[in-house]
Amino acid sequence: MQAREYFTVIGERKWLILVAMIIVAVGAYAVSVGQPAQYQSEAVVLWAQRNPGTAVLGMPQPQVSNFPDLEIATQVGLVQQPGIAEQAILDLGLNITPEALLRKLSVSGDGRTSLITITAVDATPQGAAAIANAVAGAYARSSRDANQRSLSSAADEVRRSLEATHRQIAALDASEAIRPSTANQAELQASRNLYGTLLAQLQKLQSAQELETGSISIVGTAVADPVPTSPKPVRDAALGLAVGLVLGLGIAFISNSLDTRLKSPEEASAAYAAPLLGQIPDERTKKGETVDAAVLAFPDGPVAESYRGLRNNMEFVNFDRSIKTLMVTSAIPGEGKSTVAANLSVVLAQAGWRVVLVVVDFRRTAAESLLGLARSPGLSEVLAGTSELASAIQDGPAGLRVLSSGETPRSPSDMLGSAAMRLLLAVLVESADLVVVDTPPLLAVADAATIARWADAAVVVTRDGMTTREAARMAREHLDGVGERVIGVVVTGVKNSGAARSGYDIYSGYYRKE
């Protein structure tokens, strides 16, 4: 689809899109208003990467990870462990499960700063702040307990070393008492020095264990914020409008893709594989009533001008006047082919053409009624031999001659396909520049396909947004089946369709001024 086609679809279904936007926006607003208020509060902690046991013993600390975001993500996961939530519940004296508390939390971290933000949501601002602080406190205590366990483990290791060194000193003392030697004395002195060092390390570890605060520092305490974070009806309604717009556009384009009607003159031209000869808007009175005989009722109006434009295009297509018999038809009833046939015949006659309009639609007498002429005697009486051609032809406006349909015969298709019909058209052609034949719709009855054998060319009339692509395809196959040449398409009932509409507005404004 081109950009113009997108805008056309939106314009045709603007009310559908608008309704979708309103429904979703009102629904979002109603749901938002009905929700209880929720308050939010944040506590911020700082994580320090270190091992307290190795730090006290003076051992090298592990280097900072090359993936700080991964380390922080690990800590974020630890904050959201059920054990932390359970400890926070105990601290606050809440009567909820750890899973319920975790649903009130959202935790995020920043690997560039080692900061972890704990966000809590609750029905009261005080409750949100208390939960955030309790979780931060439980997390800090958990870190402290882990570090104290590290110190305790290091102290136990030093104690074991002290015991082993003490045993070694005792053995060396006993050996020295039995057999003194310089080597024993040196080894004994080294063991005593090691014992003193280990004892000093044990004392440091015990002191550090008592003073250990953990790797987590609470740098931002949560405070109660009286402004609720939700619901926000205005924001939710605005989001609903946006969602409704997207939904409405989706529905509009889906319905457009499922709609197989010919929705533009260009589509009609492509469907019938013929050029677009004219686009005819509807002529209406001030009361909204449709005027079929537009070239007679409003000869200076925009619709009459559209028919004159159609006449000019017809003269261009038939510049050599090789087309003597022109069939005007449509795929289905109600597309305006009789109206086009009558008005086109009038404007051709007004331009000096010798035109005969022959109505072969026995079932509907739109053309002769439009021109205010009698139905009988007409074509059926002439072909049946009950009336002479000269007496059956009626004089219409601007020198137009009209042969009406007459009474409906028993077998219209047989009558139209007879040699008498062919001879009649040949006689009419002798005294006219063009014979316009108003036929029934191609898909309604077989009459149109029958008369097509005697016509030089055909003009197909289609109403904007009425005929389906399938109907147009079948109508085209009917004409191809009898070897009829379609010289063009006329689209009736156009509204906002490109050049036709702009021309309609130009002429409408011009004649209003006059």
# chains A, B, ... in the order shown; residues from 1 in each chain; ligands from 1

$ closest_atom_pairs --of "stretch 85-186 of chain A" --to "stretch 224-236 of chain A" --cutoff "9 Å" --atoms "only C-alpha atoms" --output "Markdown table"
| residue | atom | partner | partner_atom | distance |
| --- | --- | --- | --- | --- |
| A:Val121 | CA | A:Thr229 | CA | 8.8 |
| A:Ala123 | CA | A:Pro228 | CA | 8.9 |
| A:Thr124 | CA | A:Pro226 | CA | 8.3 |
| A:Pro125 | CA | A:Ala224 | CA | 4.8 |
| A:Gln126 | CA | A:Ala224 | CA | 5.1 |
| A:Gly127 | CA | A:Ala224 | CA | 8.0 |
| A:Ala128 | CA | A:Ala224 | CA | 7.0 |
| A:Ala129 | CA | A:Ala224 | CA | 5.3 |
| A:Ala130 | CA | A:Ala224 | CA | 8.3 |

$ residues_around --residues "A:Leu172" --least-positions-apart "3" --cutoff "12 Å" --atoms "only C-alpha atoms" --output "ChimeraX atom specification"
/A:165-169,175-192

$ residues_around --residues "A:Lys14" --least-positions-apart "6" --cutoff "10 Å" --atoms "only C-alpha atoms" --output "MDAnalysis selection string"
chainID A and resid 7:8 20 248:249 252

$ residues_around --residues "stretch 94-110 of chain A" --least-positions-apart "2" --cutoff "9 Å" --atoms "only C-alpha atoms" --output "ChimeraX atom specification"
/A:68-69,72-73,75-77,79-92,112-122,128,131-132

$ atom_distance --atom1 "atom CA of A:Arg410" --atom2 "atom CA of A:Ala449"
17.7 Å

$ select_by_dssp --residues "stretch 231-346 of chain A" --states "strand (DSSP E)" --output "PyMOL selection string"
chain A and resi 276-280+325-330

$ closest_residue --among "A:Ala268, A:Arg453, A:Val303, A:Gly399" --to "A:Glu283" --atoms "only C-alpha atoms"
A:Val303

$ closest_residue --among "A:Met314, A:Gln279, A:Val355, A:Ala366" --to "A:Asp292" --atoms "only C-alpha atoms"
A:Ala366

$ atom_distance --atom1 "atom CA of A:Pro377" --atom2 "atom CA of A:Ala392"
5.3 Å

$ residues_around --residues "A:Val158" --least-positions-apart "2" --cutoff "9 Å" --atoms "only C-alpha atoms" --output "list of chain:residue names"
A:Ser153, A:Ala154, A:Ala155, A:Asp156, A:Arg160, A:Ser161, A:Leu162, A:Glu163, A:Leu198, A:Leu199, A:Gln201, A:Leu202

$ write_last_selection --atoms "N, CA and C atoms" --output "short mmCIF file (atom, residue, chain, number, x, y, z; two decimals), in the first residue's frame"
data_model
loop_
_atom_site.label_atom_id
_atom_site.label_comp_id
_atom_site.auth_asym_id
_atom_site.auth_seq_id
_atom_site.Cartn_x
_atom_site.Cartn_y
_atom_site.Cartn_z
N SER A 153 35.46 -18.96 60.88
CA SER A 153 36.15 -20.05 60.20
C SER A 153 37.66 -19.82 60.20
N ALA A 154 38.06 -18.57 59.99
CA ALA A 154 39.49 -18.25 60.01
C ALA A 154 40.07 -18.45 61.40
N ALA A 155 39.30 -18.07 62.44
CA ALA A 155 39.76 -18.23 63.82
C ALA A 155 39.91 -19.71 64.17
N ASP A 156 38.96 -20.52 63.72
CA ASP A 156 39.06 -21.95 63.98
C ASP A 156 40.32 -22.53 63.32
N ARG A 160 43.48 -24.36 65.30
CA ARG A 160 44.04 -25.66 64.99
C ARG A 160 45.56 -25.57 64.77
N SER A 161 45.96 -24.49 64.17
CA SER A 161 47.40 -24.29 63.97
C SER A 161 48.11 -24.07 65.31
N LEU A 162 47.44 -23.34 66.21
CA LEU A 162 48.02 -23.12 67.55
C LEU A 162 48.19 -24.44 68.30
N GLU A 163 47.16 -25.28 68.24
CA GLU A 163 47.24 -26.57 68.92
C GLU A 163 48.38 -27.42 68.34
N LEU A 198 50.65 -16.78 65.68
CA LEU A 198 49.29 -17.34 65.56
C LEU A 198 48.39 -16.83 66.66
N LEU A 199 48.93 -16.71 67.84
CA LEU A 199 48.12 -16.20 68.95
C LEU A 199 47.68 -14.77 68.69
N GLN A 201 47.27 -13.43 65.74
CA GLN A 201 46.24 -13.47 64.69
C GLN A 201 44.89 -13.88 65.24
N LEU A 202 44.90 -14.83 66.18
CA LEU A 202 43.64 -15.27 66.77
C LEU A 202 42.98 -14.13 67.51
#

$ atom_distance --atom1 "atom CA of A:Phe362" --atom2 "atom CA of A:Gly406"
7.1 Å

$ select_by_dssp --residues "stretch 187-283 of chain A" --states "helix (DSSP H, G or I)" --output "PyMOL selection string"
chain A and resi 187-211+233-258+265-272

$ write_last_selection --atoms "C-alpha atoms" --output "PDB file, in the first residue's frame"
ATOM      1  CA  GLU A 187      63.602 -25.329  65.884  1.00  0.00           C
ATOM      2  CA  LEU A 188      62.097 -24.748  69.311  1.00  0.00           C
ATOM      3  CA  GLN A 189      62.636 -21.000  69.001  1.00  0.00           C
ATOM      4  CA  ALA A 190      61.024 -20.966  65.550  1.00  0.00           C
ATOM      5  CA  SER A 191      57.988 -22.862  66.876  1.00  0.00           C
ATOM      6  CA  ARG A 192      57.622 -20.475  69.799  1.00  0.00           C
ATOM      7  CA  ASN A 193      57.781 -17.506  67.400  1.00  0.00           C
ATOM      8  CA  LEU A 194      55.118 -19.099  65.188  1.00  0.00           C
ATOM      9  CA  TYR A 195      52.978 -19.753  68.234  1.00  0.00           C
ATOM     10  CA  GLY A 196      53.187 -16.091  69.202  1.00  0.00           C
ATOM     11  CA  THR A 197      52.261 -14.987  65.700  1.00  0.00           C
ATOM     12  CA  LEU A 198      49.289 -17.340  65.562  1.00  0.00           C
ATOM     13  CA  LEU A 199      48.122 -16.204  68.954  1.00  0.00           C
ATOM     14  CA  ALA A 200      48.237 -12.583  67.838  1.00  0.00           C
ATOM     15  CA  GLN A 201      46.243 -13.468  64.693  1.00  0.00           C
ATOM     16  CA  LEU A 202      43.639 -15.266  66.774  1.00  0.00           C
ATOM     17  CA  GLN A 203      43.215 -12.226  68.987  1.00  0.00           C
ATOM     18  CA  LYS A 204      42.768 -10.018  65.888  1.00  0.00           C
ATOM     19  CA  LEU A 205      40.194 -12.369  64.428  1.00  0.00           C
ATOM     20  CA  GLN A 206      38.245 -12.481  67.688  1.00  0.00           C
ATOM     21  CA  SER A 207      38.272  -8.699  67.898  1.00  0.00           C
ATOM     22  CA  ALA A 208      37.279  -8.334  64.238  1.00  0.00           C
ATOM     23  CA  GLN A 209      34.451 -10.806  64.736  1.00  0.00           C
ATOM     24  CA  GLU A 210      33.072  -8.682  67.538  1.00  0.00           C
ATOM     25  CA  LEU A 211      33.375  -5.472  65.477  1.00  0.00           C
ATOM     26  CA  PRO A 233      -6.301   7.919  36.202  1.00  0.00           C
ATOM     27  CA  VAL A 234      -5.213  10.727  33.883  1.00  0.00           C
ATOM     28  CA  ARG A 235      -1.994   8.951  32.947  1.00  0.00           C
ATOM     29  CA  ASP A 236      -3.798   5.639  32.524  1.00  0.00           C
ATOM     30  CA  ALA A 237      -6.459   7.304  30.360  1.00  0.00           C
ATOM     31  CA  ALA A 238      -3.729   8.827  28.174  1.00  0.00           C
ATOM     32  CA  LEU A 239      -2.085   5.423  27.842  1.00  0.00           C
ATOM     33  CA  GLY A 240      -5.505   4.012  27.042  1.00  0.00           C
ATOM     34  CA  LEU A 241      -5.876   6.533  24.228  1.00  0.00           C
ATOM     35  CA  ALA A 242      -2.539   5.437  22.799  1.00  0.00           C
ATOM     36  CA  VAL A 243      -3.418   1.752  23.102  1.00  0.00           C
ATOM     37  CA  GLY A 244      -6.864   2.440  21.655  1.00  0.00           C
ATOM     38  CA  LEU A 245      -5.279   4.243  18.714  1.00  0.00           C
ATOM     39  CA  VAL A 246      -3.031   1.279  17.973  1.00  0.00           C
ATOM     40  CA  LEU A 247      -5.933  -1.139  18.441  1.00  0.00           C
ATOM     41  CA  GLY A 248      -8.233   0.968  16.280  1.00  0.00           C
ATOM     42  CA  LEU A 249      -5.652   1.218  13.510  1.00  0.00           C
ATOM     43  CA  GLY A 250      -5.125  -2.527  13.658  1.00  0.00           C
ATOM     44  CA  ILE A 251      -8.854  -3.208  13.436  1.00  0.00           C
ATOM     45  CA  ALA A 252      -9.196  -0.662  10.620  1.00  0.00           C
ATOM     46  CA  PHE A 253      -6.471  -2.216   8.482  1.00  0.00           C
ATOM     47  CA  ILE A 254      -7.622  -5.764   9.219  1.00  0.00           C
ATOM     48  CA  SER A 255     -11.196  -4.923   8.258  1.00  0.00           C
ATOM     49  CA  ASN A 256      -9.859  -3.165   5.167  1.00  0.00           C
ATOM     50  CA  SER A 257      -7.923  -6.274   4.157  1.00  0.00           C
ATOM     51  CA  LEU A 258     -11.035  -8.414   4.692  1.00  0.00           C
ATOM     52  CA  PRO A 265     -11.596   4.361  -8.812  1.00  0.00           C
ATOM     53  CA  GLU A 266      -8.052   3.093  -9.268  1.00  0.00           C
ATOM     54  CA  GLU A 267      -9.038  -0.320  -7.908  1.00  0.00           C
ATOM     55  CA  ALA A 268     -12.040  -0.406 -10.230  1.00  0.00           C
ATOM     56  CA  SER A 269      -9.863   0.428 -13.220  1.00  0.00           C
ATOM     57  CA  ALA A 270      -7.421  -2.319 -12.291  1.00  0.00           C
ATOM     58  CA  ALA A 271     -10.178  -4.876 -11.650  1.00  0.00           C
ATOM     59  CA  TYR A 272     -11.710  -4.398 -15.106  1.00  0.00           C
TER      60      TYR A 272
END

$ residues_around --residues "A:Ser376" --least-positions-apart "5" --cutoff "12 Å" --atoms "only C-alpha atoms" --output "list in words"
Val359, Phe362, Thr365, Glu368, Ser369, Glu381, Val382, Thr386, Ser387, Glu388, Leu389, Ser391, Ala392, Ile393, Gln394, Val402, Leu403, Ser404, Ser405, Gly406, Glu407 and Thr408 of chain A

$ residues_around --residues "A:Met421" --least-positions-apart "6" --cutoff "10 Å" --atoms "only C-alpha atoms" --output "PyMOL selection string"
chain A and resi 379-380+382-383+414-415+427+451+454

$ write_last_selection --atoms "N, CA and C atoms" --output "PDB file, in the first residue's frame"
ATOM      1  N   LEU A 379     -38.876  -1.514 -27.359  1.00  0.00           N
ATOM      2  CA  LEU A 379     -38.056  -2.505 -28.050  1.00  0.00           C
ATOM      3  C   LEU A 379     -38.769  -3.835 -28.196  1.00  0.00           C
ATOM      4  N   SER A 380     -39.396  -4.310 -27.133  1.00  0.00           N
ATOM      5  CA  SER A 380     -40.029  -5.628 -27.208  1.00  0.00           C
ATOM      6  C   SER A 380     -41.150  -5.644 -28.240  1.00  0.00           C
ATOM      7  N   VAL A 382     -41.302  -3.712 -30.955  1.00  0.00           N
ATOM      8  CA  VAL A 382     -40.705  -3.636 -32.285  1.00  0.00           C
ATOM      9  C   VAL A 382     -40.180  -5.002 -32.713  1.00  0.00           C
ATOM     10  N   LEU A 383     -39.481  -5.696 -31.816  1.00  0.00           N
ATOM     11  CA  LEU A 383     -38.940  -7.014 -32.146  1.00  0.00           C
ATOM     12  C   LEU A 383     -40.045  -8.044 -32.336  1.00  0.00           C
ATOM     13  N   ASP A 414     -33.524 -14.675 -25.401  1.00  0.00           N
ATOM     14  CA  ASP A 414     -33.729 -15.158 -26.760  1.00  0.00           C
ATOM     15  C   ASP A 414     -34.050 -14.010 -27.700  1.00  0.00           C
ATOM     16  N   MET A 415     -34.843 -13.055 -27.206  1.00  0.00           N
ATOM     17  CA  MET A 415     -35.211 -11.916 -28.049  1.00  0.00           C
ATOM     18  C   MET A 415     -33.997 -11.044 -28.358  1.00  0.00           C
ATOM     19  N   VAL A 427     -29.936  -0.974 -38.275  1.00  0.00           N
ATOM     20  CA  VAL A 427     -30.795   0.083 -38.816  1.00  0.00           C
ATOM     21  C   VAL A 427     -30.596   1.378 -38.046  1.00  0.00           C
ATOM     22  N   ILE A 451     -26.628  -9.487 -25.490  1.00  0.00           N
ATOM     23  CA  ILE A 451     -26.615  -8.292 -26.332  1.00  0.00           C
ATOM     24  C   ILE A 451     -25.196  -7.855 -26.643  1.00  0.00           C
ATOM     25  N   TRP A 454     -23.655  -7.997 -30.176  1.00  0.00           N
ATOM     26  CA  TRP A 454     -24.011  -7.050 -31.232  1.00  0.00           C
ATOM     27  C   TRP A 454     -23.398  -5.665 -30.993  1.00  0.00           C
TER      28      TRP A 454
END

$ closest_residue --among "A:Leu46, A:Ala171, A:Val358, A:Ala351" --to "A:Ser215" --atoms "only C-alpha atoms"
A:Leu46
